[in-house]
Amino acid sequence: MGKEEISTTKYLIHAQINANGIVEKPDVVGAIFGQTEGLLSNDLDLRELQKTGRIGRIKVNITSRGGKSKGEIIIPSSLDRVETAILAASLETINRVGPCEAYIQVTKVEDVRAVKRKKVVERAKEIYASMMEEVTPESLKMIEEVKEAMRVHEITEYGEDKLPAGPNVATSDAILVVEGRSDVLNLLKHGIKNAIAVEGVNIPQTVAELTRKKTATAFVDGDRGGELILKELLQVADIDYVTRAPKGKEVEELGKDEIMVALRNKVPVEQIYHELGIPAKSKKTEDKMVLLKSILDELEGSGNAEILDDAMNILKEVRVENLYDELKNVNNHPYAIVFDGVVTQRLVDISYEKGVKYLVAIRSGEVVKKPQNIKIITNN
C-alpha cells in the first residue's frame, strides 16, 4: 500500500475466509477479482478501483491445517460509506477459491477516521495530563489571579447607587438579588451574569425599582444575616421567588453545583410570606389579580378555561368540561386557572397537586378543604 493509499483510506473491510482445501494468498486474491467481475457496475469494478487508487492492495493472511484453510482478508477503501458496504457484501458471493469450496463472511467495516479520532483524544488526554503535572503552585496562583481579574473586569455598576452587578442585569428579564459584591463575583465565576447586590440591610431604591420591572429572585446567605436581608427585601422590594444558600454557608463561597441546586429549589415569595407570618402586599400580586379578573370577564359565557403560567402566558386553552382531565396531565408548572365555571373540591384538590396558586371562576361551589396556598377568586 503506497503513501497515497494510506492517506486517503476511509474504511477497512475485514472478512473471514474458510476453504475446504489448501489455498494460498494468490488464489484468494484471484478469486476476489475473478468472481466479483461483472457482478457490480463498472464504477465498482475491483480492478478499476485499484487502478484509480480507490481501493488499496488486498491483504490476505491465511493458514492451512488438516486439509483446510482459514484466514482474514483486509481491503482498504476510500469509497463512500454506501459504496464500501456494497463492495463488502459482494465478497460474500464468492464460493470457490481455486479448486476448493470456500466461504467468505464480512466481520466488520472499520471507520479508519473514527479510530484516528479516538487516538487523537487519548493522546490529547496524555498531553494534558503531562501539562498539568508541570503546573507549579505558583503557576496555579497566577492562573487564579488572571481568572479573578477577568471576573472583576466583567462586573459592572448599576443605577444611581452604582451597585455591583453582572453585565446582563440591564437586559435580562429575570435578576438575582444578592447581598454583596463578593456574591456577584462568585456567580460570575460560574457563568451567572444577572445578579445585583444590595450592599447592606438598607435596600437601595435602585433595587426596589428594578424588582418592579423584572422577575426577581432573592438569593440570600444561609445564616441570620441572610434572613435579615430577606425580611428587608420583602418589605421594600417586589420579590417573586426566594432561595437560600445551604445552612451556615454564604453565597460567595458556594460551588457551581450548590448554586444550581439552590436556584432549582427556589420557592414562590407567597410561601415565604406565609412562613414568616408577613402579609403579602406585592404590587405585582395586585396587578396579577386585576389581570386574572379581566381574563375571567372575557371568558364568561364561553365555556372555556385558560391554564396560565406565572407570567400570565397561556399554557393551554380547553373546554371547561375537559379541565380536570387536562390538569391531571399537565407538567409545565401551571400558576393560575381562569374558567367559565364553578370551583369544586375535586378541582381544588388536583390544582393543589399541580402547584396552582390561583383558581378564578364565575362562582365557587361547596369547598370544604381549601389549601392555604391556593387563592380562589370569583365574580360573586
# chains A, B, ... in the order shown; residues from 1 in each chain; ligands from 1

$ residues_around --residues "Gly365 of chain A" --least-positions-apart "4" --cutoff "7 Å" --atoms "only C-alpha atoms" --output "number ranges by chain"
A: 342-344

$ residues_around --residues "Asp27 of chain A" --least-positions-apart "3" --cutoff "10 Å" --atoms "only C-alpha atoms" --output "PyMOL selection string"
chain A and resi 22-24+30-32+96-100

$ write_last_selection --atoms "all heavy atoms" --output "JSON list (two decimals), in the first residue's frame"
[["chain", "number", "residue", "atom", "x", "y", "z"],
["A", 22, "ILE", "N", -6.39, -26.79, 0.48],
["A", 22, "ILE", "CA", -5.21, -25.96, 0.69],
["A", 22, "ILE", "C", -5.21, -24.83, -0.34],
["A", 22, "ILE", "O", -5.16, -25.08, -1.54],
["A", 22, "ILE", "CB", -3.92, -26.79, 0.55],
["A", 22, "ILE", "CG1", -3.96, -28.03, 1.44],
["A", 22, "ILE", "CG2", -2.71, -25.92, 0.86],
["A", 22, "ILE", "CD1", -4.08, -27.71, 2.92],
["A", 23, "VAL", "N", -5.31, -23.59, 0.14],
["A", 23, "VAL", "CA", -5.25, -22.44, -0.77],
["A", 23, "VAL", "C", -4.23, -21.45, -0.22],
["A", 23, "VAL", "O", -3.93, -21.42, 0.98],
["A", 23, "VAL", "CB", -6.63, -21.75, -0.91],
["A", 23, "VAL", "CG1", -7.64, -22.68, -1.55],
["A", 23, "VAL", "CG2", -7.15, -21.24, 0.43],
["A", 24, "GLU", "N", -3.72, -20.61, -1.11],
["A", 24, "GLU", "CA", -2.72, -19.61, -0.72],
["A", 24, "GLU", "C", -3.21, -18.21, -1.09],
["A", 24, "GLU", "O", -4.24, -18.06, -1.77],
["A", 24, "GLU", "CB", -1.39, -19.91, -1.41],
["A", 24, "GLU", "CG", -0.80, -21.25, -0.96],
["A", 24, "GLU", "CD", 0.53, -21.55, -1.65],
["A", 24, "GLU", "OE1", 0.84, -20.85, -2.65],
["A", 24, "GLU", "OE2", 1.25, -22.45, -1.19],
["A", 30, "GLY", "N", -7.02, -13.81, -6.45],
["A", 30, "GLY", "CA", -7.53, -14.10, -7.79],
["A", 30, "GLY", "C", -9.03, -14.36, -7.75],
["A", 30, "GLY", "O", -9.77, -13.91, -8.64],
["A", 31, "ALA", "N", -9.49, -15.09, -6.74],
["A", 31, "ALA", "CA", -10.92, -15.38, -6.63],
["A", 31, "ALA", "C", -11.72, -14.10, -6.39],
["A", 31, "ALA", "O", -12.82, -13.93, -6.93],
["A", 31, "ALA", "CB", -11.15, -16.37, -5.48],
["A", 32, "ILE", "N", -11.18, -13.20, -5.58],
["A", 32, "ILE", "CA", -11.88, -11.94, -5.29],
["A", 32, "ILE", "C", -12.06, -11.13, -6.57],
["A", 32, "ILE", "O", -13.16, -10.66, -6.88],
["A", 32, "ILE", "CB", -11.11, -11.12, -4.22],
["A", 32, "ILE", "CG1", -11.18, -11.82, -2.87],
["A", 32, "ILE", "CG2", -11.68, -9.70, -4.12],
["A", 32, "ILE", "CD1", -10.30, -11.19, -1.80],
["A", 96, "ARG", "N", -15.88, -20.22, -4.34],
["A", 96, "ARG", "CA", -14.75, -21.12, -4.63],
["A", 96, "ARG", "C", -13.46, -20.31, -4.64],
["A", 96, "ARG", "O", -13.42, -19.15, -5.06],
["A", 96, "ARG", "CB", -14.90, -21.81, -6.00],
["A", 96, "ARG", "CG", -16.09, -22.72, -6.10],
["A", 96, "ARG", "CD", -16.02, -23.58, -7.37],
["A", 96, "ARG", "NE", -14.99, -24.60, -7.27],
["A", 96, "ARG", "CZ", -15.17, -25.77, -6.67],
["A", 96, "ARG", "NH1", -16.33, -26.06, -6.09],
["A", 96, "ARG", "NH2", -14.20, -26.66, -6.65],
["A", 97, "VAL", "N", -12.39, -20.93, -4.18],
["A", 97, "VAL", "CA", -11.05, -20.36, -4.30],
["A", 97, "VAL", "C", -10.18, -21.45, -4.92],
["A", 97, "VAL", "O", -9.97, -22.51, -4.31],
["A", 97, "VAL", "CB", -10.48, -19.94, -2.93],
["A", 97, "VAL", "CG1", -9.03, -19.50, -3.08],
["A", 97, "VAL", "CG2", -11.31, -18.81, -2.33],
["A", 98, "GLY", "N", -9.73, -21.17, -6.15],
["A", 98, "GLY", "CA", -9.02, -22.22, -6.88],
["A", 98, "GLY", "C", -9.97, -23.40, -7.08],
["A", 98, "GLY", "O", -11.14, -23.24, -7.41],
["A", 99, "PRO", "N", -9.52, -24.63, -6.81],
["A", 99, "PRO", "CA", -10.39, -25.80, -6.98],
["A", 99, "PRO", "C", -11.24, -26.10, -5.74],
["A", 99, "PRO", "O", -12.00, -27.06, -5.73],
["A", 99, "PRO", "CB", -9.37, -26.93, -7.22],
["A", 99, "PRO", "CG", -8.18, -26.51, -6.42],
["A", 99, "PRO", "CD", -8.14, -25.01, -6.48],
["A", 100, "CYS", "N", -11.12, -25.29, -4.71],
["A", 100, "CYS", "CA", -11.74, -25.62, -3.41],
["A", 100, "CYS", "C", -13.01, -24.81, -3.16],
["A", 100, "CYS", "O", -13.12, -23.63, -3.52],
["A", 100, "CYS", "CB", -10.75, -25.35, -2.27],
["A", 100, "CYS", "SG", -9.15, -26.15, -2.48]]

$ residues_around --residues "Thr206 of chain A" --least-positions-apart "4" --cutoff "8 Å" --atoms "only C-alpha atoms" --output "list in words"
Gly159, Glu160, Asp161 and Leu210 of chain A

$ write_last_selection --atoms "all heavy atoms" --output "mmCIF file, in the first residue's frame"
data_model
loop_
_atom_site.group_PDB
_atom_site.id
_atom_site.type_symbol
_atom_site.label_atom_id
_atom_site.label_comp_id
_atom_site.auth_asym_id
_atom_site.auth_seq_id
_atom_site.Cartn_x
_atom_site.Cartn_y
_atom_site.Cartn_z
ATOM 1 N N GLY A 159 -27.202 51.600 38.047
ATOM 2 C CA GLY A 159 -28.081 52.609 38.629
ATOM 3 C C GLY A 159 -27.360 53.749 39.327
ATOM 4 O O GLY A 159 -26.134 53.796 39.396
ATOM 5 N N GLU A 160 -28.195 54.644 39.879
ATOM 6 C CA GLU A 160 -27.648 55.814 40.568
ATOM 7 C C GLU A 160 -26.838 55.416 41.800
ATOM 8 O O GLU A 160 -25.906 56.116 42.190
ATOM 9 C CB GLU A 160 -28.795 56.748 40.984
ATOM 10 C CG GLU A 160 -29.489 57.411 39.805
ATOM 11 C CD GLU A 160 -30.582 58.355 40.266
ATOM 12 O OE1 GLU A 160 -30.733 58.528 41.498
ATOM 13 O OE2 GLU A 160 -31.280 58.922 39.400
ATOM 14 N N ASP A 161 -27.207 54.280 42.413
ATOM 15 C CA ASP A 161 -26.488 53.816 43.604
ATOM 16 C C ASP A 161 -25.184 53.106 43.262
ATOM 17 O O ASP A 161 -24.440 52.704 44.166
ATOM 18 C CB ASP A 161 -27.387 52.880 44.417
ATOM 19 C CG ASP A 161 -28.647 53.570 44.889
ATOM 20 O OD1 ASP A 161 -28.525 54.549 45.638
ATOM 21 O OD2 ASP A 161 -29.745 53.130 44.500
ATOM 22 N N LEU A 210 -35.997 48.237 40.314
ATOM 23 C CA LEU A 210 -35.647 47.189 39.351
ATOM 24 C C LEU A 210 -36.527 45.952 39.524
ATOM 25 O O LEU A 210 -36.954 45.329 38.546
ATOM 26 C CB LEU A 210 -34.165 46.821 39.517
ATOM 27 C CG LEU A 210 -33.545 45.925 38.453
ATOM 28 C CD1 LEU A 210 -33.578 46.593 37.092
ATOM 29 C CD2 LEU A 210 -32.106 45.579 38.837
#

$ residues_around --residues "segment 46-56 of chain A" --least-positions-apart "5" --cutoff "8 Å" --atoms "only C-alpha atoms" --output "ChimeraX atom specification"
/A:1,5,9,33,36-37,75-79

$ residues_around --residues "Lys70 of chain A" --least-positions-apart "2" --cutoff "7 Å" --atoms "only C-alpha atoms" --output "list in words"
Ile17, Asn18, Ala19, Ile62, Thr63, Ser64 and Lys68 of chain A

$ select_by_dssp --residues "segment 85-257 of chain A" --states "alpha helix (DSSP H)" --output "tab-separated table (two decimals) with N, CA, C and O atoms, in the first residue's frame"
chain	number	residue	atom	x	y	z
A	85	ALA	N	-20.00	-0.49	1.61
A	85	ALA	CA	-20.89	-1.55	2.09
A	85	ALA	C	-21.26	-2.51	0.95
A	85	ALA	O	-21.29	-3.74	1.13
A	86	ILE	N	-21.51	-1.96	-0.25
A	86	ILE	CA	-21.83	-2.80	-1.42
A	86	ILE	C	-20.64	-3.69	-1.78
A	86	ILE	O	-20.79	-4.89	-2.05
A	87	LEU	N	-19.47	-3.08	-1.79
A	87	LEU	CA	-18.25	-3.83	-2.11
A	87	LEU	C	-18.03	-4.95	-1.10
A	87	LEU	O	-17.69	-6.09	-1.47
A	88	ALA	N	-18.25	-4.66	0.18
A	88	ALA	CA	-18.08	-5.67	1.22
A	88	ALA	C	-19.06	-6.82	1.02
A	88	ALA	O	-18.70	-8.00	1.13
A	89	ALA	N	-20.32	-6.48	0.71
A	89	ALA	CA	-21.34	-7.51	0.51
A	89	ALA	C	-21.01	-8.41	-0.68
A	89	ALA	O	-21.31	-9.62	-0.68
A	90	SER	N	-20.37	-7.83	-1.71
A	90	SER	CA	-20.04	-8.63	-2.91
A	90	SER	C	-19.05	-9.75	-2.59
A	90	SER	O	-19.03	-10.79	-3.27
A	91	LEU	N	-18.21	-9.57	-1.57
A	91	LEU	CA	-17.24	-10.60	-1.20
A	91	LEU	C	-17.93	-11.89	-0.77
A	91	LEU	O	-17.40	-13.00	-0.95
A	112	VAL	N	-11.73	4.14	9.64
A	112	VAL	CA	-10.35	4.49	9.98
A	112	VAL	C	-10.29	5.86	10.64
A	112	VAL	O	-9.53	6.09	11.57
A	113	ARG	N	-11.14	6.79	10.18
A	113	ARG	CA	-11.12	8.14	10.74
A	113	ARG	C	-11.57	8.15	12.19
A	113	ARG	O	-11.04	8.90	13.02
A	114	ALA	N	-12.56	7.28	12.51
A	114	ALA	CA	-13.01	7.21	13.91
A	114	ALA	C	-11.90	6.68	14.80
A	114	ALA	O	-11.72	7.16	15.93
A	115	VAL	N	-11.15	5.71	14.29
A	115	VAL	CA	-10.03	5.16	15.06
A	115	VAL	C	-8.98	6.25	15.28
A	115	VAL	O	-8.43	6.40	16.38
A	116	LYS	N	-8.72	7.03	14.23
A	116	LYS	CA	-7.73	8.11	14.35
A	116	LYS	C	-8.20	9.15	15.36
A	116	LYS	O	-7.41	9.66	16.16
A	117	ARG	N	-9.52	9.49	15.29
A	117	ARG	CA	-10.05	10.48	16.24
A	117	ARG	C	-9.89	9.99	17.67
A	117	ARG	O	-9.54	10.75	18.58
A	118	LYS	N	-10.16	8.70	17.88
A	118	LYS	CA	-10.01	8.13	19.23
A	118	LYS	C	-8.57	8.23	19.71
A	118	LYS	O	-8.30	8.58	20.87
A	119	LYS	N	-7.63	7.94	18.80
A	119	LYS	CA	-6.22	8.04	19.16
A	119	LYS	C	-5.84	9.48	19.49
A	119	LYS	O	-5.07	9.74	20.41
A	120	VAL	N	-6.41	10.42	18.71
A	120	VAL	CA	-6.13	11.84	18.96
A	120	VAL	C	-6.62	12.24	20.35
A	120	VAL	O	-5.92	12.91	21.11
A	121	VAL	N	-7.85	11.80	20.69
A	121	VAL	CA	-8.43	12.14	22.00
A	121	VAL	C	-7.58	11.55	23.13
A	121	VAL	O	-7.26	12.24	24.12
A	122	GLU	N	-7.20	10.27	22.97
A	122	GLU	CA	-6.40	9.63	24.01
A	122	GLU	C	-5.05	10.31	24.18
A	122	GLU	O	-4.57	10.53	25.29
A	123	ARG	N	-4.45	10.67	23.04
A	123	ARG	CA	-3.15	11.34	23.11
A	123	ARG	C	-3.29	12.73	23.72
A	123	ARG	O	-2.42	13.17	24.50
A	124	ALA	N	-4.39	13.40	23.39
A	124	ALA	CA	-4.63	14.73	23.94
A	124	ALA	C	-4.76	14.66	25.46
A	124	ALA	O	-4.27	15.53	26.19
A	125	LYS	N	-5.42	13.61	25.94
A	125	LYS	CA	-5.55	13.42	27.39
A	125	LYS	C	-4.17	13.26	28.04
A	125	LYS	O	-3.89	13.81	29.10
A	126	GLU	N	-3.33	12.46	27.39
A	126	GLU	CA	-1.98	12.24	27.92
A	126	GLU	C	-1.18	13.54	27.95
A	126	GLU	O	-0.50	13.85	28.93
A	127	ILE	N	-1.28	14.31	26.85
A	127	ILE	CA	-0.55	15.57	26.78
A	127	ILE	C	-1.05	16.53	27.86
A	127	ILE	O	-0.27	17.20	28.54
A	128	TYR	N	-2.40	16.60	28.01
A	128	TYR	CA	-2.97	17.50	29.01
A	128	TYR	C	-2.52	17.10	30.41
A	128	TYR	O	-2.17	17.96	31.23
A	129	ALA	N	-2.53	15.77	30.68
A	129	ALA	CA	-2.09	15.30	32.00
A	129	ALA	C	-0.65	15.69	32.28
A	129	ALA	O	-0.31	16.13	33.38
A	130	SER	N	0.21	15.56	31.26
A	130	SER	CA	1.62	15.92	31.46
A	130	SER	C	1.77	17.42	31.65
A	130	SER	O	2.63	17.88	32.42
A	131	MET	N	0.92	18.20	30.99
A	131	MET	CA	0.95	19.65	31.18
A	131	MET	C	0.57	20.01	32.61
A	131	MET	O	1.19	20.87	33.24
A	132	MET	N	-0.46	19.34	33.14
A	132	MET	CA	-0.93	19.63	34.49
A	132	MET	C	0.10	19.24	35.54
A	132	MET	O	0.22	19.87	36.59
A	133	GLU	N	0.85	18.15	35.24
A	133	GLU	CA	1.89	17.73	36.18
A	133	GLU	C	2.98	18.79	36.30
A	133	GLU	O	3.65	18.91	37.33
A	137	PRO	N	2.53	25.22	42.06
A	137	PRO	CA	1.61	26.02	42.87
A	137	PRO	C	1.64	27.50	42.51
A	137	PRO	O	0.62	28.18	42.53
A	138	GLU	N	2.84	28.00	42.15
A	138	GLU	CA	2.95	29.40	41.76
A	138	GLU	C	2.16	29.66	40.48
A	138	GLU	O	1.50	30.69	40.34
A	139	SER	N	2.23	28.69	39.54
A	139	SER	CA	1.50	28.84	38.28
A	139	SER	C	-0.01	28.84	38.53
A	139	SER	O	-0.75	29.63	37.94
A	140	LEU	N	-0.45	27.93	39.40
A	140	LEU	CA	-1.88	27.86	39.73
A	140	LEU	C	-2.36	29.18	40.32
A	140	LEU	O	-3.46	29.66	40.03
A	141	LYS	N	-1.52	29.76	41.18
A	141	LYS	CA	-1.87	31.03	41.80
A	141	LYS	C	-2.01	32.12	40.74
A	141	LYS	O	-2.93	32.94	40.77
A	142	MET	N	-1.09	32.11	39.78
A	142	MET	CA	-1.17	33.09	38.69
A	142	MET	C	-2.42	32.91	37.86
A	142	MET	O	-3.09	33.88	37.49
A	143	ILE	N	-2.77	31.62	37.59
A	143	ILE	CA	-3.97	31.33	36.80
A	143	ILE	C	-5.21	31.86	37.52
A	143	ILE	O	-6.09	32.49	36.92
A	144	GLU	N	-5.28	31.62	38.84
A	144	GLU	CA	-6.42	32.10	39.61
A	144	GLU	C	-6.49	33.62	39.64
A	144	GLU	O	-7.57	34.21	39.59
A	145	GLU	N	-5.32	34.26	39.70
A	145	GLU	CA	-5.28	35.72	39.68
A	145	GLU	C	-5.82	36.27	38.36
A	145	GLU	O	-6.55	37.27	38.33
A	146	VAL	N	-5.44	35.60	37.26
A	146	VAL	CA	-5.93	36.03	35.95
A	146	VAL	C	-7.44	35.85	35.86
A	146	VAL	O	-8.16	36.73	35.39
A	147	LYS	N	-7.93	34.68	36.33
A	147	LYS	CA	-9.37	34.42	36.30
A	147	LYS	C	-10.12	35.45	37.13
A	147	LYS	O	-11.18	35.95	36.73
A	148	GLU	N	-9.58	35.75	38.32
A	148	GLU	CA	-10.21	36.74	39.20
A	148	GLU	C	-10.24	38.11	38.53
A	148	GLU	O	-11.24	38.83	38.60
A	149	ALA	N	-9.13	38.45	37.86
A	149	ALA	CA	-9.08	39.74	37.17
A	149	ALA	C	-10.13	39.81	36.07
A	149	ALA	O	-10.75	40.85	35.86
A	150	MET	N	-10.34	38.67	35.38
A	150	MET	CA	-11.36	38.63	34.33
A	150	MET	C	-12.75	38.80	34.91
A	150	MET	O	-13.60	39.50	34.35
A	151	ARG	N	-12.99	38.18	36.07
A	151	ARG	CA	-14.30	38.32	36.71
A	151	ARG	C	-14.52	39.76	37.16
A	151	ARG	O	-15.60	40.31	37.00
A	152	VAL	N	-13.49	40.36	37.75
A	152	VAL	CA	-13.60	41.75	38.20
A	152	VAL	C	-13.86	42.65	37.00
A	152	VAL	O	-14.62	43.62	37.08
A	153	HIS	N	-13.24	42.32	35.87
A	153	HIS	CA	-13.44	43.11	34.66
A	153	HIS	C	-14.89	43.03	34.19
A	153	HIS	O	-15.45	43.99	33.67
A	154	GLU	N	-15.55	41.87	34.38
A	154	GLU	CA	-16.93	41.68	33.93
A	154	GLU	C	-17.93	42.42	34.81
A	154	GLU	O	-18.99	42.82	34.35
A	181	ARG	N	-20.93	42.44	46.87
A	181	ARG	CA	-20.08	42.35	45.67
A	181	ARG	C	-19.46	40.97	45.52
A	181	ARG	O	-19.38	40.43	44.41
A	182	SER	N	-19.03	40.35	46.63
A	182	SER	CA	-18.40	39.02	46.56
A	182	SER	C	-19.37	37.97	46.04
A	182	SER	O	-18.97	37.03	45.35
A	183	ASP	N	-20.66	38.14	46.36
A	183	ASP	CA	-21.66	37.21	45.85
A	183	ASP	C	-21.77	37.34	44.33
A	183	ASP	O	-21.85	36.33	43.61
A	184	VAL	N	-21.81	38.58	43.85
A	184	VAL	CA	-21.90	38.81	42.40
A	184	VAL	C	-20.68	38.20	41.70
A	184	VAL	O	-20.80	37.55	40.66
A	185	LEU	N	-19.49	38.40	42.28
A	185	LEU	CA	-18.26	37.85	41.68
A	185	LEU	C	-18.29	36.34	41.62
A	185	LEU	O	-17.88	35.72	40.62
A	186	ASN	N	-18.77	35.70	42.69
A	186	ASN	CA	-18.82	34.24	42.70
A	186	ASN	C	-19.80	33.71	41.66
A	186	ASN	O	-19.54	32.71	40.99
A	187	LEU	N	-20.93	34.37	41.51
A	187	LEU	CA	-21.89	33.95	40.50
A	187	LEU	C	-21.32	34.17	39.09
A	187	LEU	O	-21.51	33.34	38.20
A	188	LEU	N	-20.59	35.27	38.89
A	188	LEU	CA	-19.93	35.49	37.60
A	188	LEU	C	-18.94	34.38	37.29
A	188	LEU	O	-18.82	33.92	36.15
A	189	LYS	N	-18.22	33.95	38.32
A	189	LYS	CA	-17.24	32.87	38.17
A	189	LYS	C	-17.87	31.63	37.58
A	189	LYS	O	-17.25	30.89	36.82
A	205	GLN	N	-32.99	52.22	46.62
A	205	GLN	CA	-34.16	52.47	45.77
A	205	GLN	C	-33.95	51.86	44.38
A	205	GLN	O	-34.89	51.42	43.73
A	206	THR	N	-32.70	51.81	43.94
A	206	THR	CA	-32.39	51.21	42.64
A	206	THR	C	-32.90	49.78	42.56
A	206	THR	O	-33.50	49.36	41.56
A	207	VAL	N	-32.66	48.98	43.60
A	207	VAL	CA	-33.10	47.59	43.62
A	207	VAL	C	-34.63	47.51	43.70
A	207	VAL	O	-35.26	46.71	43.01
A	208	ALA	N	-35.23	48.37	44.56
A	208	ALA	CA	-36.68	48.36	44.69
A	208	ALA	C	-37.36	48.62	43.35
A	208	ALA	O	-38.31	47.92	42.97
A	209	GLU	N	-36.87	49.58	42.60
A	209	GLU	CA	-37.46	49.91	41.30
A	209	GLU	C	-37.21	48.81	40.28
A	209	GLU	O	-38.09	48.47	39.47
A	210	LEU	N	-36.00	48.24	40.31
A	210	LEU	CA	-35.65	47.19	39.35
A	210	LEU	C	-36.53	45.95	39.52
A	210	LEU	O	-36.95	45.33	38.55
A	211	THR	N	-36.83	45.59	40.79
A	211	THR	CA	-37.63	44.39	41.03
A	211	THR	C	-39.08	44.56	40.59
A	211	THR	O	-39.79	43.57	40.40
A	212	ARG	N	-39.53	45.80	40.43
A	212	ARG	CA	-40.90	46.02	39.95
A	212	ARG	C	-41.00	45.82	38.43
A	212	ARG	O	-42.09	45.62	37.91
A	213	LYS	N	-39.86	45.86	37.77
A	213	LYS	CA	-39.84	45.74	36.31
A	213	LYS	C	-39.49	44.33	35.84
A	213	LYS	O	-39.77	43.96	34.70
A	224	ARG	N	-28.21	34.02	59.82
A	224	ARG	CA	-29.08	35.05	60.39
A	224	ARG	C	-29.05	36.32	59.54
A	224	ARG	O	-30.08	36.97	59.32
A	225	GLY	N	-27.87	36.67	59.04
A	225	GLY	CA	-27.76	37.86	58.20
A	225	GLY	C	-28.60	37.75	56.95
A	225	GLY	O	-29.22	38.72	56.51
A	226	GLY	N	-28.62	36.55	56.36
A	226	GLY	CA	-29.43	36.32	55.17
A	226	GLY	C	-30.91	36.52	55.44
A	226	GLY	O	-31.64	37.08	54.61
A	227	GLU	N	-31.37	36.07	56.62
A	227	GLU	CA	-32.78	36.24	56.99
A	227	GLU	C	-33.13	37.72	57.15
A	227	GLU	O	-34.21	38.16	56.76
A	228	LEU	N	-32.22	38.51	57.73
A	228	LEU	CA	-32.47	39.94	57.91
A	228	LEU	C	-32.58	40.64	56.56
A	228	LEU	O	-33.47	41.48	56.35
A	229	ILE	N	-31.65	40.31	55.66
A	229	ILE	CA	-31.69	40.88	54.31
A	229	ILE	C	-33.01	40.53	53.64
A	229	ILE	O	-33.67	41.37	53.00
A	230	LEU	N	-33.43	39.26	53.78
A	230	LEU	CA	-34.65	38.79	53.13
A	230	LEU	C	-35.87	39.56	53.65
A	230	LEU	O	-36.72	40.00	52.86
A	231	LYS	N	-35.97	39.72	54.98
A	231	LYS	CA	-37.12	40.43	55.54
A	231	LYS	C	-37.18	41.87	55.05
A	231	LYS	O	-38.26	42.39	54.74
A	232	GLU	N	-36.02	42.51	54.94
A	232	GLU	CA	-35.98	43.88	54.43
A	232	GLU	C	-36.40	43.93	52.96
A	232	GLU	O	-37.15	44.83	52.54
A	233	LEU	N	-35.92	42.97	52.19
A	233	LEU	CA	-36.29	42.90	50.77
A	233	LEU	C	-37.80	42.74	50.60
A	233	LEU	O	-38.41	43.38	49.74
A	234	LEU	N	-38.39	41.87	51.41
A	234	LEU	CA	-39.82	41.61	51.29
A	234	LEU	C	-40.64	42.86	51.63
A	234	LEU	O	-41.76	43.01	51.13
A	235	GLN	N	-40.12	43.72	52.46
A	235	GLN	CA	-40.84	44.94	52.82
A	235	GLN	C	-40.69	46.04	51.77
A	235	GLN	O	-41.62	46.81	51.52
A	236	VAL	N	-39.50	46.11	51.16
A	236	VAL	CA	-39.19	47.24	50.29
A	236	VAL	C	-39.29	46.89	48.81
A	236	VAL	O	-39.79	47.69	48.01
A	256	LYS	N	-20.33	25.62	41.99
A	256	LYS	CA	-21.33	25.66	40.93
A	256	LYS	C	-22.50	24.73	41.20
A	256	LYS	O	-23.67	25.11	41.01
A	257	ASP	N	-22.23	23.50	41.64
A	257	ASP	CA	-23.32	22.55	41.90
A	257	ASP	C	-24.25	23.06	42.99
A	257	ASP	O	-25.49	22.94	42.87

$ select_by_dssp --residues "segment 40-283 of chain A" --states "strand (DSSP E)" --output "PyMOL selection string"
chain A and resi 59-65+68-77+96-97+100-111+156-158+163-165+174-178+195-197+215-220+241-244+267-268

$ atom_distance --atom1 "atom CA of Gly200 of chain A" --atom2 "atom CA of Lys214 of chain A"
21.1 Å

$ residues_around --residues "Met312 of chain A" --least-positions-apart "2" --cutoff "12 Å" --atoms "only C-alpha atoms" --output "list in words"
Lys284, Thr285, Asp287, Lys288, Met289, Val290, Leu291, Leu292, Ser294, Ile295, Glu306, Ile307, Leu308, Asp309, Asp310, Ile314, Leu315, Lys316, Pro334, Tyr335, Ala336, Ile337, Val338 and Tyr358 of chain A

$ atom_distance --atom1 "atom CA of Ile58 of chain A" --atom2 "atom CA of Val28 of chain A"
9.7 Å

$ atom_distance --atom1 "atom CA of Lys249 of chain A" --atom2 "atom CA of Pro167 of chain A"
25.3 Å

$ closest_residue --among "A:Arg65, A:Lys293, A:Lys108, A:Lys247" --to "Gln16 of chain A" --atoms "only C-alpha atoms"
A:Lys108

$ decode --residues "segment 168-191 of chain A" --atoms "C-alpha atoms" --output "compact mmCIF listing (two decimals), in the first residue's frame"
# COMPACT_ATOMS: atom_id res chain seq x y z
CA ASN A 168 -26.72 41.18 31.98
CA VAL A 169 -28.78 42.84 34.73
CA ALA A 170 -29.94 45.66 32.46
CA THR A 171 -31.03 43.40 29.59
CA SER A 172 -32.26 40.23 31.32
CA ASP A 173 -35.96 39.69 32.10
CA ALA A 174 -35.00 37.96 35.35
CA ILE A 175 -32.50 39.00 38.04
CA LEU A 176 -30.95 37.59 41.18
CA VAL A 177 -30.77 39.92 44.19
CA VAL A 178 -27.81 39.08 46.44
CA GLU A 179 -26.17 40.71 49.43
CA GLY A 180 -22.72 41.91 48.37
CA ARG A 181 -20.08 42.35 45.67
CA SER A 182 -18.40 39.02 46.56
CA ASP A 183 -21.66 37.21 45.85
CA VAL A 184 -21.90 38.81 42.40
CA LEU A 185 -18.26 37.85 41.68
CA ASN A 186 -18.82 34.24 42.70
CA LEU A 187 -21.89 33.95 40.50
CA LEU A 188 -19.93 35.49 37.60
CA LYS A 189 -17.24 32.87 38.17
CA HIS A 190 -19.84 30.21 37.46
CA GLY A 191 -21.35 31.93 34.42
